[in-house]
>>> print(open('run_1.pdb').read())   # PDB, C-alpha atoms
ATOM      1  CA  MET A  16      45.213  -0.800 -29.258
ATOM      2  CA  ASP A  17      42.995  -1.315 -26.224
ATOM      3  CA  SER A  18      45.322   0.915 -24.175
ATOM      4  CA  VAL A  19      44.795   3.928 -26.468
ATOM      5  CA  LYS A  20      42.611   6.625 -24.912
ATOM      6  CA  HIS A  21      39.731   7.747 -27.143
ATOM      7  CA  PHE A  22      36.993  10.386 -26.714
ATOM      8  CA  LEU A  23      33.888   8.945 -28.370
ATOM      9  CA  GLN A  24      31.193   9.792 -25.803
ATOM     10  CA  PHE A  25      31.100  12.238 -22.911
ATOM     11  CA  LYS A  26      31.030   9.391 -20.393
ATOM     12  CA  ASP A  27      34.412   8.131 -21.671
ATOM     13  CA  PHE A  28      36.076  10.534 -19.203
ATOM     14  CA  THR A  29      35.720  10.777 -15.426
ATOM     15  CA  ARG A  30      34.813  13.832 -13.417
ATOM     16  CA  ALA A  31      38.466  14.195 -12.353
ATOM     17  CA  GLU A  32      39.548  14.164 -15.987
ATOM     18  CA  TYR A  33      37.029  16.902 -16.811
ATOM     19  CA  ASP A  34      38.235  19.000 -13.879
ATOM     20  CA  HIS A  35      41.706  18.740 -15.406
ATOM     21  CA  LEU A  36      40.433  19.574 -18.917
ATOM     22  CA  PHE A  37      38.565  22.650 -17.706
ATOM     23  CA  GLU A  38      41.604  23.923 -15.816
ATOM     24  CA  ARG A  39      43.849  23.317 -18.821
ATOM     25  CA  SER A  40      41.283  25.035 -21.091
ATOM     26  CA  ARG A  41      41.417  28.085 -18.805
ATOM     27  CA  TRP A  42      45.236  28.163 -18.872
ATOM     28  CA  ILE A  43      45.549  27.516 -22.623
ATOM     29  CA  LYS A  44      42.934  30.170 -23.400
ATOM     30  CA  GLY A  45      44.901  32.588 -21.227
ATOM     31  CA  GLN A  46      48.024  31.984 -23.296
ATOM     32  CA  PHE A  47      46.058  32.607 -26.500
ATOM     33  CA  LYS A  48      44.587  35.871 -25.196
ATOM     34  CA  ALA A  49      48.014  37.065 -24.054
ATOM     35  CA  TYR A  50      49.621  36.203 -27.435
ATOM     36  CA  ARG A  51      52.010  33.785 -25.714
ATOM     37  CA  LYS A  52      53.234  30.886 -27.839
ATOM     38  CA  TYR A  53      52.535  27.427 -26.449
ATOM     39  CA  TRP A  54      53.614  24.620 -28.794
ATOM     40  CA  PRO A  55      53.485  21.318 -26.887
ATOM     41  CA  LEU A  56      52.356  19.421 -30.010
ATOM     42  CA  SER A  57      55.171  20.456 -32.308
ATOM     43  CA  ASP A  58      55.617  17.892 -35.109
ATOM     44  CA  ARG A  59      52.328  16.165 -34.212
ATOM     45  CA  THR A  60      49.663  15.641 -36.878
ATOM     46  CA  LEU A  61      45.875  15.673 -36.544
ATOM     47  CA  VAL A  62      43.830  14.041 -39.313
ATOM     48  CA  MET A  63      40.270  15.401 -39.578
ATOM     49  CA  ILE A  64      37.766  13.167 -41.377
ATOM     50  CA  PHE A  65      34.497  14.845 -42.358
ATOM     51  CA  GLU A  66      31.489  12.968 -43.661
ATOM     52  CA  LYS A  67      29.302  15.780 -42.291
ATOM     53  CA  ALA A  68      30.371  19.335 -43.106
ATOM     54  CA  SER A  69      30.877  21.939 -40.364
ATOM     55  CA  THR A  70      32.275  25.452 -40.087
ATOM     56  CA  ARG A  71      32.990  25.443 -36.350
ATOM     57  CA  THR A  72      34.336  21.908 -36.056
ATOM     58  CA  ARG A  73      36.865  22.278 -38.856
ATOM     59  CA  LEU A  74      37.982  25.763 -37.867
ATOM     60  CA  SER A  75      38.261  25.040 -34.138
ATOM     61  CA  PHE A  76      40.266  21.833 -34.586
ATOM     62  CA  GLU A  77      42.472  23.084 -37.412
ATOM     63  CA  ALA A  78      43.264  26.440 -35.816
ATOM     64  CA  GLY A  79      43.635  24.846 -32.410
ATOM     65  CA  MET A  80      46.099  22.213 -33.583
ATOM     66  CA  GLN A  81      48.186  24.862 -35.347
ATOM     67  CA  GLN A  82      48.163  27.060 -32.251
ATOM     68  CA  LEU A  83      49.597  24.107 -30.306
ATOM     69  CA  GLY A  84      52.447  23.858 -32.813
ATOM     70  CA  GLY A  85      51.106  20.880 -34.761
ATOM     71  CA  SER A  86      49.522  20.441 -38.172
ATOM     72  CA  ALA A  87      46.059  19.377 -39.307
ATOM     73  CA  ILE A  88      45.047  17.494 -42.456
ATOM     74  CA  TYR A  89      41.459  17.744 -43.728
ATOM     75  CA  LEU A  90      39.843  14.762 -45.453
ATOM     76  CA  ASN A  91      36.290  14.316 -46.649
ATOM     77  CA  SER A  92      34.616  11.419 -48.442
ATOM     78  CA  ARG A  93      35.508  12.927 -51.824
ATOM     79  CA  ASP A  94      39.202  13.188 -50.913
ATOM     80  CA  SER A  95      39.648   9.664 -49.583
ATOM     81  CA  GLN A  96      38.635   6.077 -50.287
ATOM     82  CA  LEU A  97      36.898   5.755 -46.919
ATOM     83  CA  HIS A  98      33.179   5.071 -47.288
ATOM     84  CA  SER A  99      31.358   4.244 -44.079
ATOM     85  CA  ARG A 100      27.834   4.301 -45.565
ATOM     86  CA  ASP A 101      26.349   2.018 -48.219
ATOM     87  CA  SER A 102      29.660   0.178 -48.274
ATOM     88  CA  GLN A 103      28.250  -2.595 -50.452
ATOM     89  CA  LEU A 104      27.357  -0.061 -53.136
ATOM     90  CA  GLN A 105      30.730   1.702 -53.264
ATOM     91  CA  ARG A 106      34.199   0.486 -54.167
ATOM     92  CA  GLY A 107      35.789   2.203 -51.198
ATOM     93  CA  GLU A 108      38.049   1.193 -48.344
ATOM     94  CA  SER A 109      36.605  -0.366 -45.204
ATOM     95  CA  VAL A 110      36.562   1.626 -41.987
ATOM     96  CA  GLU A 111      38.830  -0.951 -40.379
ATOM     97  CA  ASP A 112      41.464  -0.786 -43.123
ATOM     98  CA  ALA A 113      41.340   3.010 -43.251
ATOM     99  CA  ALA A 114      41.885   3.180 -39.495
ATOM    100  CA  GLN A 115      44.952   0.960 -39.742
ATOM    101  CA  VAL A 116      46.514   3.150 -42.439
ATOM    102  CA  ILE A 117      45.533   6.614 -41.171
ATOM    103  CA  SER A 118      46.613   5.895 -37.613
ATOM    104  CA  ARG A 119      50.082   4.837 -38.805
ATOM    105  CA  MET A 120      50.578   8.232 -40.475
ATOM    106  CA  SER A 121      49.196  10.554 -37.805
ATOM    107  CA  ASP A 122      49.129  11.145 -34.052
ATOM    108  CA  VAL A 123      45.414  11.762 -33.446
ATOM    109  CA  VAL A 124      42.231  11.515 -35.543
ATOM    110  CA  MET A 125      39.009  13.522 -35.329
ATOM    111  CA  ILE A 126      35.941  12.147 -37.129
ATOM    112  CA  ARG A 127      32.639  13.902 -37.848
ATOM    113  CA  THR A 128      30.259  11.346 -39.288
ATOM    114  CA  PHE A 129      26.789   9.802 -39.213
ATOM    115  CA  GLU A 130      26.501   6.573 -37.216
ATOM    116  CA  GLN A 131      28.275   6.201 -33.881
ATOM    117  CA  ALA A 132      29.050   2.620 -34.898
ATOM    118  CA  MET A 133      31.419   3.905 -37.592
ATOM    119  CA  ILE A 134      33.584   5.854 -35.162
ATOM    120  CA  GLU A 135      33.574   2.943 -32.710
ATOM    121  CA  ARG A 136      34.811   0.626 -35.492
ATOM    122  CA  PHE A 137      37.502   3.106 -36.487
ATOM    123  CA  ALA A 138      38.714   3.522 -32.898
ATOM    124  CA  ALA A 139      38.849  -0.242 -32.382
ATOM    125  CA  ASN A 140      41.396  -0.434 -35.221
ATOM    126  CA  SER A 141      43.324   2.764 -34.541
ATOM    127  CA  ARG A 142      46.794   2.970 -33.026
ATOM    128  CA  VAL A 143      46.205   6.623 -32.009
ATOM    129  CA  PRO A 144      43.482   8.512 -30.099
ATOM    130  CA  VAL A 145      40.193   9.099 -31.909
ATOM    131  CA  ILE A 146      37.922  12.059 -31.125
ATOM    132  CA  ASN A 147      34.210  12.229 -31.876
ATOM    133  CA  GLY A 148      33.642  15.526 -33.717
ATOM    134  CA  LEU A 149      29.919  14.668 -34.005
ATOM    135  CA  THR A 150      27.768  11.647 -34.770
ATOM    136  CA  ASN A 151      24.017  11.207 -35.051
ATOM    137  CA  GLU A 152      24.011  10.032 -31.441
ATOM    138  CA  TYR A 153      26.526  12.265 -29.603
ATOM    139  CA  HIS A 154      28.409  15.561 -29.743
ATOM    140  CA  PRO A 155      30.810  15.453 -26.781
ATOM    141  CA  CYS A 156      33.215  18.212 -27.876
ATOM    142  CA  GLN A 157      30.327  20.675 -27.999
ATOM    143  CA  ILE A 158      29.194  19.952 -24.463
ATOM    144  CA  VAL A 159      32.726  20.201 -23.073
ATOM    145  CA  ALA A 160      32.863  23.716 -24.553
ATOM    146  CA  ASP A 161      29.379  24.549 -23.262
ATOM    147  CA  ILE A 162      30.176  23.494 -19.702
ATOM    148  CA  PHE A 163      33.490  25.347 -19.753
ATOM    149  CA  THR A 164      31.594  28.452 -20.906
ATOM    150  CA  PHE A 165      29.117  28.042 -18.052
ATOM    151  CA  ILE A 166      31.995  27.708 -15.558
ATOM    152  CA  GLU A 167      33.586  30.902 -16.909
ATOM    153  CA  HIS A 168      30.368  32.863 -16.378
ATOM    154  CA  ARG A 169      28.727  31.212 -13.366
ATOM    155  CA  GLY A 170      31.233  28.904 -11.654
ATOM    156  CA  PRO A 171      30.903  25.136 -11.064
ATOM    157  CA  ILE A 172      28.003  23.395 -12.782
ATOM    158  CA  GLN A 173      27.553  20.727 -10.079
ATOM    159  CA  GLY A 174      24.043  20.924  -8.648
ATOM    160  CA  LYS A 175      22.843  23.416 -11.269
ATOM    161  CA  THR A 176      19.902  22.980 -13.657
ATOM    162  CA  VAL A 177      20.119  23.007 -17.447
ATOM    163  CA  ALA A 178      16.907  23.313 -19.471
ATOM    164  CA  TRP A 179      17.001  21.631 -22.862
ATOM    165  CA  ILE A 180      14.192  22.860 -25.129
ATOM    166  CA  GLY A 181      13.515  21.139 -28.457
ATOM    167  CA  ASP A 182      14.637  17.961 -30.175
ATOM    168  CA  SER A 183      16.161  15.081 -28.201
ATOM    169  CA  ASN A 184      19.095  14.951 -30.605
ATOM    170  CA  ASN A 185      22.801  14.208 -30.275
ATOM    171  CA  VAL A 186      23.468  17.406 -28.316
ATOM    172  CA  CYS A 187      20.647  16.638 -25.898
ATOM    173  CA  ASN A 188      21.922  13.074 -25.448
ATOM    174  CA  THR A 189      25.348  14.416 -24.557
ATOM    175  CA  TRP A 190      23.971  16.919 -22.043
ATOM    176  CA  LEU A 191      22.271  13.979 -20.331
ATOM    177  CA  GLN A 192      25.517  12.015 -20.164
ATOM    178  CA  ALA A 193      27.328  15.079 -18.827
ATOM    179  CA  ALA A 194      24.747  15.481 -16.065
ATOM    180  CA  GLU A 195      25.503  11.949 -14.858
ATOM    181  CA  VAL A 196      29.264  12.449 -14.902
ATOM    182  CA  LEU A 197      29.351  15.964 -13.405
ATOM    183  CA  ASP A 198      26.305  15.750 -11.101
ATOM    184  CA  PHE A 199      23.887  18.383 -12.344
ATOM    185  CA  ASN A 200      20.275  18.263 -13.548
ATOM    186  CA  VAL A 201      18.704  18.541 -16.989
ATOM    187  CA  HIS A 202      15.083  19.518 -17.598
ATOM    188  CA  VAL A 203      14.085  18.261 -21.045
ATOM    189  CA  SER A 204      11.039  19.443 -22.945
ATOM    190  CA  THR A 205      10.339  18.032 -26.400
ATOM    191  CA  PRO A 206       7.194  17.870 -28.528
ATOM    192  CA  PRO A 207       5.259  14.574 -28.350
ATOM    193  CA  GLY A 208       7.019  11.936 -30.405
ATOM    194  CA  TYR A 209      10.481  13.423 -29.912
ATOM    195  CA  GLU A 210      11.104  12.337 -26.324
ATOM    196  CA  VAL A 211      14.433  11.222 -24.887
ATOM    197  CA  GLU A 212      15.261   7.538 -25.313
ATOM    198  CA  PRO A 213      17.530   6.732 -22.336
ATOM    199  CA  ALA A 214      19.123   3.712 -24.043
ATOM    200  CA  ARG A 215      19.952   5.706 -27.193
ATOM    201  CA  ALA A 216      21.363   8.502 -25.044
ATOM    202  CA  GLY A 217      23.736   6.015 -23.436
ATOM    203  CA  LEU A 218      22.490   6.707 -19.903
ATOM    204  CA  TYR A 219      23.050   4.593 -16.816
ATOM    205  CA  GLY A 220      19.772   5.762 -15.252
ATOM    206  CA  THR A 221      17.289   8.636 -15.129
ATOM    207  CA  ASP A 222      18.279  10.320 -11.858
ATOM    208  CA  HIS A 223      19.758  13.426 -13.453
ATOM    209  CA  PHE A 224      17.024  14.454 -15.858
ATOM    210  CA  GLU A 225      13.307  15.125 -15.812
ATOM    211  CA  SER A 226      10.948  15.427 -18.770
ATOM    212  CA  TYR A 227       8.388  18.243 -19.078
ATOM    213  CA  ALA A 228       5.458  18.481 -21.456
ATOM    214  CA  ASP A 229       5.443  22.281 -21.017
ATOM    215  CA  PRO A 230       8.706  23.946 -22.151
ATOM    216  CA  MET A 231       7.986  26.971 -19.960
ATOM    217  CA  GLU A 232       7.971  24.767 -16.865
ATOM    218  CA  ALA A 233      11.189  23.075 -17.958
ATOM    219  CA  ALA A 234      12.897  26.469 -18.169
ATOM    220  CA  ARG A 235      11.475  27.903 -14.939
ATOM    221  CA  GLY A 236      14.341  28.677 -12.553
ATOM    222  CA  ALA A 237      16.981  27.028 -14.776
ATOM    223  CA  ASP A 238      20.581  28.236 -14.579
ATOM    224  CA  LEU A 239      21.056  27.628 -18.289
ATOM    225  CA  VAL A 240      18.570  27.395 -21.167
ATOM    226  CA  THR A 241      19.846  25.777 -24.337
ATOM    227  CA  THR A 242      18.487  24.491 -27.619
ATOM    228  CA  ASP A 243      19.450  23.477 -31.156
ATOM    229  CA  VAL A 244      17.946  23.594 -34.628
ATOM    230  CA  TRP A 245      14.648  21.772 -35.029
ATOM    231  CA  THR A 246      15.946  19.800 -38.012
ATOM    232  CA  SER A 247      19.377  18.260 -37.563
ATOM    233  CA  MET A 248      21.636  17.351 -40.489
ATOM    234  CA  GLY A 249      20.334  14.221 -42.163
ATOM    235  CA  PHE A 250      16.680  14.877 -41.275
ATOM    236  CA  GLU A 251      15.982  17.574 -43.867
ATOM    237  CA  ALA A 252      13.095  15.583 -45.366
ATOM    238  CA  GLU A 253      11.203  16.120 -42.087
ATOM    239  CA  ASN A 254      11.723  19.899 -42.076
ATOM    240  CA  ASP A 255       8.128  21.014 -42.740
ATOM    241  CA  GLU A 256       6.691  18.489 -40.302
ATOM    242  CA  ARG A 257       9.169  19.496 -37.617
ATOM    243  CA  ARG A 258       8.376  23.189 -38.022
ATOM    244  CA  ARG A 259       4.760  22.408 -37.222
ATOM    245  CA  ASP A 260       5.564  20.052 -34.353
ATOM    246  CA  PHE A 261       8.087  22.398 -32.689
ATOM    247  CA  ALA A 262       6.175  25.678 -33.100
ATOM    248  CA  ASP A 263       5.538  25.963 -29.333
ATOM    249  CA  TRP A 264       9.137  25.081 -28.408
ATOM    250  CA  GLN A 265      10.815  28.349 -29.372
ATOM    251  CA  VAL A 266      13.065  29.862 -26.699
ATOM    252  CA  ASP A 267      11.710  33.401 -26.420
ATOM    253  CA  LEU A 268      11.981  36.306 -23.999
ATOM    254  CA  ASP A 269       9.077  35.014 -21.889
ATOM    255  CA  MET A 270      10.887  31.711 -21.414
ATOM    256  CA  MET A 271      14.101  33.465 -20.396
ATOM    257  CA  ARG A 272      12.137  35.581 -17.930
ATOM    258  CA  ALA A 273      10.763  32.370 -16.435
ATOM    259  CA  ALA A 274      14.312  31.070 -16.124
ATOM    260  CA  GLY A 275      15.383  34.229 -14.334
ATOM    261  CA  PRO A 276      17.731  37.180 -14.893
ATOM    262  CA  GLU A 277      20.873  35.190 -14.003
ATOM    263  CA  SER A 278      20.099  32.374 -16.434
ATOM    264  CA  LEU A 279      22.347  31.996 -19.473
ATOM    265  CA  PHE A 280      21.321  31.078 -23.012
ATOM    266  CA  MET A 281      23.383  28.799 -25.267
ATOM    267  CA  HIS A 282      23.056  27.405 -28.777
ATOM    268  CA  CYS A 283      25.681  25.263 -30.544
ATOM    269  CA  LEU A 284      25.072  27.053 -33.895
ATOM    270  CA  PRO A 285      24.258  27.481 -36.706
ATOM    271  CA  VAL A 286      21.022  29.151 -35.640
ATOM    272  CA  HIS A 287      17.696  29.831 -37.333
ATOM    273  CA  ARG A 288      16.428  33.009 -35.703
ATOM    274  CA  GLY A 289      12.658  33.017 -35.477
ATOM    275  CA  GLU A 290      12.492  29.211 -35.300
ATOM    276  CA  GLU A 291      14.145  27.496 -32.318
ATOM    277  CA  VAL A 292      15.063  30.831 -30.702
ATOM    278  CA  GLU A 293      13.796  34.392 -30.822
ATOM    279  CA  ALA A 294      16.358  36.837 -32.202
ATOM    280  CA  ALA A 295      16.032  39.006 -29.089
ATOM    281  CA  VAL A 296      17.234  36.062 -26.972
ATOM    282  CA  ILE A 297      20.283  34.917 -28.939
ATOM    283  CA  ASP A 298      21.333  38.527 -29.514
ATOM    284  CA  GLY A 299      20.428  39.581 -25.973
ATOM    285  CA  ALA A 300      22.322  40.103 -22.724
ATOM    286  CA  GLN A 301      21.798  36.560 -21.401
ATOM    287  CA  SER A 302      23.250  34.918 -24.512
ATOM    288  CA  VAL A 303      26.815  33.618 -24.367
ATOM    289  CA  VAL A 304      26.800  31.877 -27.752
ATOM    290  CA  TRP A 305      29.881  33.662 -29.118
ATOM    291  CA  ASP A 306      31.968  32.764 -26.066
ATOM    292  CA  GLU A 307      30.573  29.248 -26.423
ATOM    293  CA  ALA A 308      31.635  29.061 -30.086
ATOM    294  CA  GLU A 309      35.161  30.334 -29.376
ATOM    295  CA  ASN A 310      35.559  27.942 -26.473
ATOM    296  CA  ARG A 311      35.232  24.980 -28.820
ATOM    297  CA  MET A 312      38.774  25.796 -29.893
ATOM    298  CA  HIS A 313      40.214  26.200 -26.395
ATOM    299  CA  THR A 314      38.611  23.109 -24.877
ATOM    300  CA  GLN A 315      39.616  21.014 -27.881
ATOM    301  CA  LYS A 316      43.189  22.215 -27.500
ATOM    302  CA  ALA A 317      43.088  20.957 -23.912
ATOM    303  CA  LEU A 318      41.601  17.680 -25.155
ATOM    304  CA  LEU A 319      44.309  17.227 -27.794
ATOM    305  CA  GLU A 320      46.995  17.974 -25.220
ATOM    306  CA  TYR A 321      45.544  15.451 -22.778
ATOM    307  CA  LEU A 322      45.097  12.644 -25.316
ATOM    308  CA  LEU A 323      48.621  13.059 -26.691
ATOM    309  CA  LEU A 324      50.621  14.058 -23.606
ATOM    310  CA  GLY A 325      48.535  12.935 -20.640
ATOM    311  CA  ARG A 326      48.133  15.216 -17.636
ATOM    312  CA  VAL A 327      50.182  18.381 -18.100
ATOM    313  CA  GLU A 328      50.375  20.518 -14.983
ATOM    314  CA  ALA A 329      50.526  24.300 -15.157
ATOM    315  CA  ALA A 330      54.075  24.493 -13.807
ATOM    316  CA  ALA A 331      55.306  22.104 -16.492
ATOM    317  CA  SER A 332      53.708  24.083 -19.316
ATOM    318  CA  LYS A 333      55.165  27.503 -18.522
TER     319      LYS A 333
END
>>> encode(input="run_1.pdb", output="structure tokens")
Amino acid sequence: MDSVKHFLQFKDFTRAEYDHLFERSRWIKGQFKAYRKYWPLSDRTLVMIFEKASTRTRLSFEAGMQQLGGSAIYLNSRDSQLHSRDSQLQRGESVEDAAQVISRMSDVVMIRTFEQAMIERFAANSRVPVINGLTNEYHPCQIVADIFTFIEHRGPIQGKTVAWIGDSNNVCNTWLQAAEVLDFNVHVSTPPGYEVEPARAGLYGTDHFESYADPMEAARGADLVTTDVWTSMGFEAENDERRRDFADWQVDLDMMRAAGPESLFMHCLPVHRGEEVEAAVIDGAQSVVWDEAENRMHTQKALLEYLLLGRVEAAASK
């Protein structure tokens, strides 16, 4: 099982592997836009395990797998005996046992769950590739789509600056890992008490990010400004407190002007207009959030292809 390739954190892949994924994403998206059938995963099965609900993650993986000629099976904690939380209080199946069974009946597994430790345990007992669809700590599929979207609009991201405004959550952690792998910079601005924890972010060092107390300074001159909801799933009890703490960390038109006219705006969605971002920004000319959302599907198709078939060159996929 050690030889199976998984995608659990952004740093699991090398820069060369991402170059390949981005090129394959471009080609696969081109086939989709031209209504050309490309079914390299015919008769392959993706199992999707959801302990955290999501519109975009389910739709992008399920539609993407079908567009590649395969099939997708949706499971949530109500539909299965897998219980990764409070295991001593529930008569469910252990993560290890579930991994052994599920991986014998499928070709690839995507998991969207709470603790990163759960997906690591599952992968350690899986005979097939496991993809992190989101955990409390990381969201690698989202950042692959975000970077591909940036490349589509502005070219290579190497040497560029990304401004992260808001909570140092799983998306922020993954941007920081991506900066190390792909050699760009991240300016992070969070309210006091919500700062980046390098160890939790899984970083090797701190050379590729800088923290700013003033969000306006973090955004100044940035090539991309991005944010997320102030209250991530699982932290709803802190919602009122977070609204107060994050009040000065809204991405508004003044912040985008500080970034510059060529700067892009991204948000992984769902969005709360009037909280983490001004409506005029997300609905404005610098926003690429709808391209970003669609590209989840195309980049994940490239990821599925790579994990199941290895490197597929353009000539071989015509």
>>> atom_distance(input="run_1.pdb", atom1="CA of Val124 in chain A", atom2="CA of Ile146 in chain A")
6.2 Å
>>> atom_distance(input="run_1.pdb", atom1="CA of Ile166 in chain A", atom2="CA of Trp245 in chain A")
26.7 Å
>>> residues_around(input="run_1.pdb", residues="Leu322 in chain A", least_positions_apart="2", cutoff="9 Å", atoms="all atoms listed in the file", output="NGL selection string")
:A and (19-22 or 123 or 144-145 or 317-320 or 324-326)
>>> write_last_selection(input="run_1.pdb", atoms="C-alpha atoms", output="mmCIF file, keeping the file's coordinate frame")
data_model
loop_
_atom_site.group_PDB
_atom_site.id
_atom_site.type_symbol
_atom_site.label_atom_id
_atom_site.label_comp_id
_atom_site.auth_asym_id
_atom_site.auth_seq_id
_atom_site.Cartn_x
_atom_site.Cartn_y
_atom_site.Cartn_z
ATOM 1 C CA VAL A 19 44.795 3.928 -26.468
ATOM 2 C CA LYS A 20 42.611 6.625 -24.912
ATOM 3 C CA HIS A 21 39.731 7.747 -27.143
ATOM 4 C CA PHE A 22 36.993 10.386 -26.714
ATOM 5 C CA VAL A 123 45.414 11.762 -33.446
ATOM 6 C CA PRO A 144 43.482 8.512 -30.099
ATOM 7 C CA VAL A 145 40.193 9.099 -31.909
ATOM 8 C CA ALA A 317 43.088 20.957 -23.912
ATOM 9 C CA LEU A 318 41.601 17.680 -25.155
ATOM 10 C CA LEU A 319 44.309 17.227 -27.794
ATOM 11 C CA GLU A 320 46.995 17.974 -25.220
ATOM 12 C CA LEU A 324 50.621 14.058 -23.606
ATOM 13 C CA GLY A 325 48.535 12.935 -20.640
ATOM 14 C CA ARG A 326 48.133 15.216 -17.636
#
>>> closest_residue(input="run_1.pdb", among="A:Lys333, A:Lys175, A:Arg258, A:His223", to="Leu239 in chain A", atoms="all atoms listed in the file")
A:Lys175
>>> atom_distance(input="run_1.pdb", atom1="CA of Asp112 in chain A", atom2="CA of Asp27 in chain A")
24.3 Å
>>> closest_residue(input="run_1.pdb", among="A:Ser247, A:Gly170, A:Thr221, A:Gly107", to="Lys67 in chain A", atoms="only C-alpha atoms")
A:Ser247
>>> resolve_selection(input="run_1.pdb", expression="the PyMOL selection byres ((chain A and resi 160) around 7)", output="PyMOL selection string")
chain A and resi 156-159+161-164+307+310-311+314
>>> closest_residue(input="run_1.pdb", among="A:Arg119, A:His35, A:Arg235, A:Arg51", to="Met271 in chain A", atoms="all atoms listed in the file")
A:Arg235
>>> residues_around(input="run_1.pdb", residues="Met133 in chain A", least_positions_apart="2", cutoff="12 Å", atoms="only C-alpha atoms", output="tab-separated table (two decimals) with C-alpha atoms, keeping the file's coordinate frame")
chain	number	residue	atom	x	y	z
A	23	LEU	CA	33.89	8.94	-28.37
A	64	ILE	CA	37.77	13.17	-41.38
A	66	GLU	CA	31.49	12.97	-43.66
A	97	LEU	CA	36.90	5.76	-46.92
A	98	HIS	CA	33.18	5.07	-47.29
A	99	SER	CA	31.36	4.24	-44.08
A	100	ARG	CA	27.83	4.30	-45.56
A	101	ASP	CA	26.35	2.02	-48.22
A	102	SER	CA	29.66	0.18	-48.27
A	109	SER	CA	36.60	-0.37	-45.20
A	110	VAL	CA	36.56	1.63	-41.99
A	111	GLU	CA	38.83	-0.95	-40.38
A	113	ALA	CA	41.34	3.01	-43.25
A	114	ALA	CA	41.88	3.18	-39.49
A	126	ILE	CA	35.94	12.15	-37.13
A	127	ARG	CA	32.64	13.90	-37.85
A	128	THR	CA	30.26	11.35	-39.29
A	129	PHE	CA	26.79	9.80	-39.21
A	130	GLU	CA	26.50	6.57	-37.22
A	131	GLN	CA	28.28	6.20	-33.88
A	135	GLU	CA	33.57	2.94	-32.71
A	136	ARG	CA	34.81	0.63	-35.49
A	137	PHE	CA	37.50	3.11	-36.49
A	138	ALA	CA	38.71	3.52	-32.90
A	139	ALA	CA	38.85	-0.24	-32.38
A	140	ASN	CA	41.40	-0.43	-35.22
A	145	VAL	CA	40.19	9.10	-31.91
A	147	ASN	CA	34.21	12.23	-31.88
A	149	LEU	CA	29.92	14.67	-34.01
A	150	THR	CA	27.77	11.65	-34.77
A	151	ASN	CA	24.02	11.21	-35.05
A	152	GLU	CA	24.01	10.03	-31.44
>>> decode(input="run_1.pdb", residues="range 229-240 of chain A", atoms="C-alpha atoms", output="PDB file, in the first residue's frame")
ATOM      1  CA  ASP A 229      -2.904  45.875   8.329  1.00  0.00           C
ATOM      2  CA  PRO A 230      -4.918  44.043   5.630  1.00  0.00           C
ATOM      3  CA  MET A 231      -4.601  47.026   3.292  1.00  0.00           C
ATOM      4  CA  GLU A 232      -0.814  46.715   3.355  1.00  0.00           C
ATOM      5  CA  ALA A 233      -1.033  42.973   2.754  1.00  0.00           C
ATOM      6  CA  ALA A 234      -3.085  43.603  -0.390  1.00  0.00           C
ATOM      7  CA  ARG A 235      -1.012  46.510  -1.718  1.00  0.00           C
ATOM      8  CA  GLY A 236       0.454  45.550  -5.101  1.00  0.00           C
ATOM      9  CA  ALA A 237      -0.717  41.916  -4.868  1.00  0.00           C
ATOM     10  CA  ASP A 238      -1.379  39.978  -8.071  1.00  0.00           C
ATOM     11  CA  LEU A 239      -4.242  38.114  -6.429  1.00  0.00           C
ATOM     12  CA  VAL A 240      -6.429  38.952  -3.424  1.00  0.00           C
TER      13      VAL A 240
END
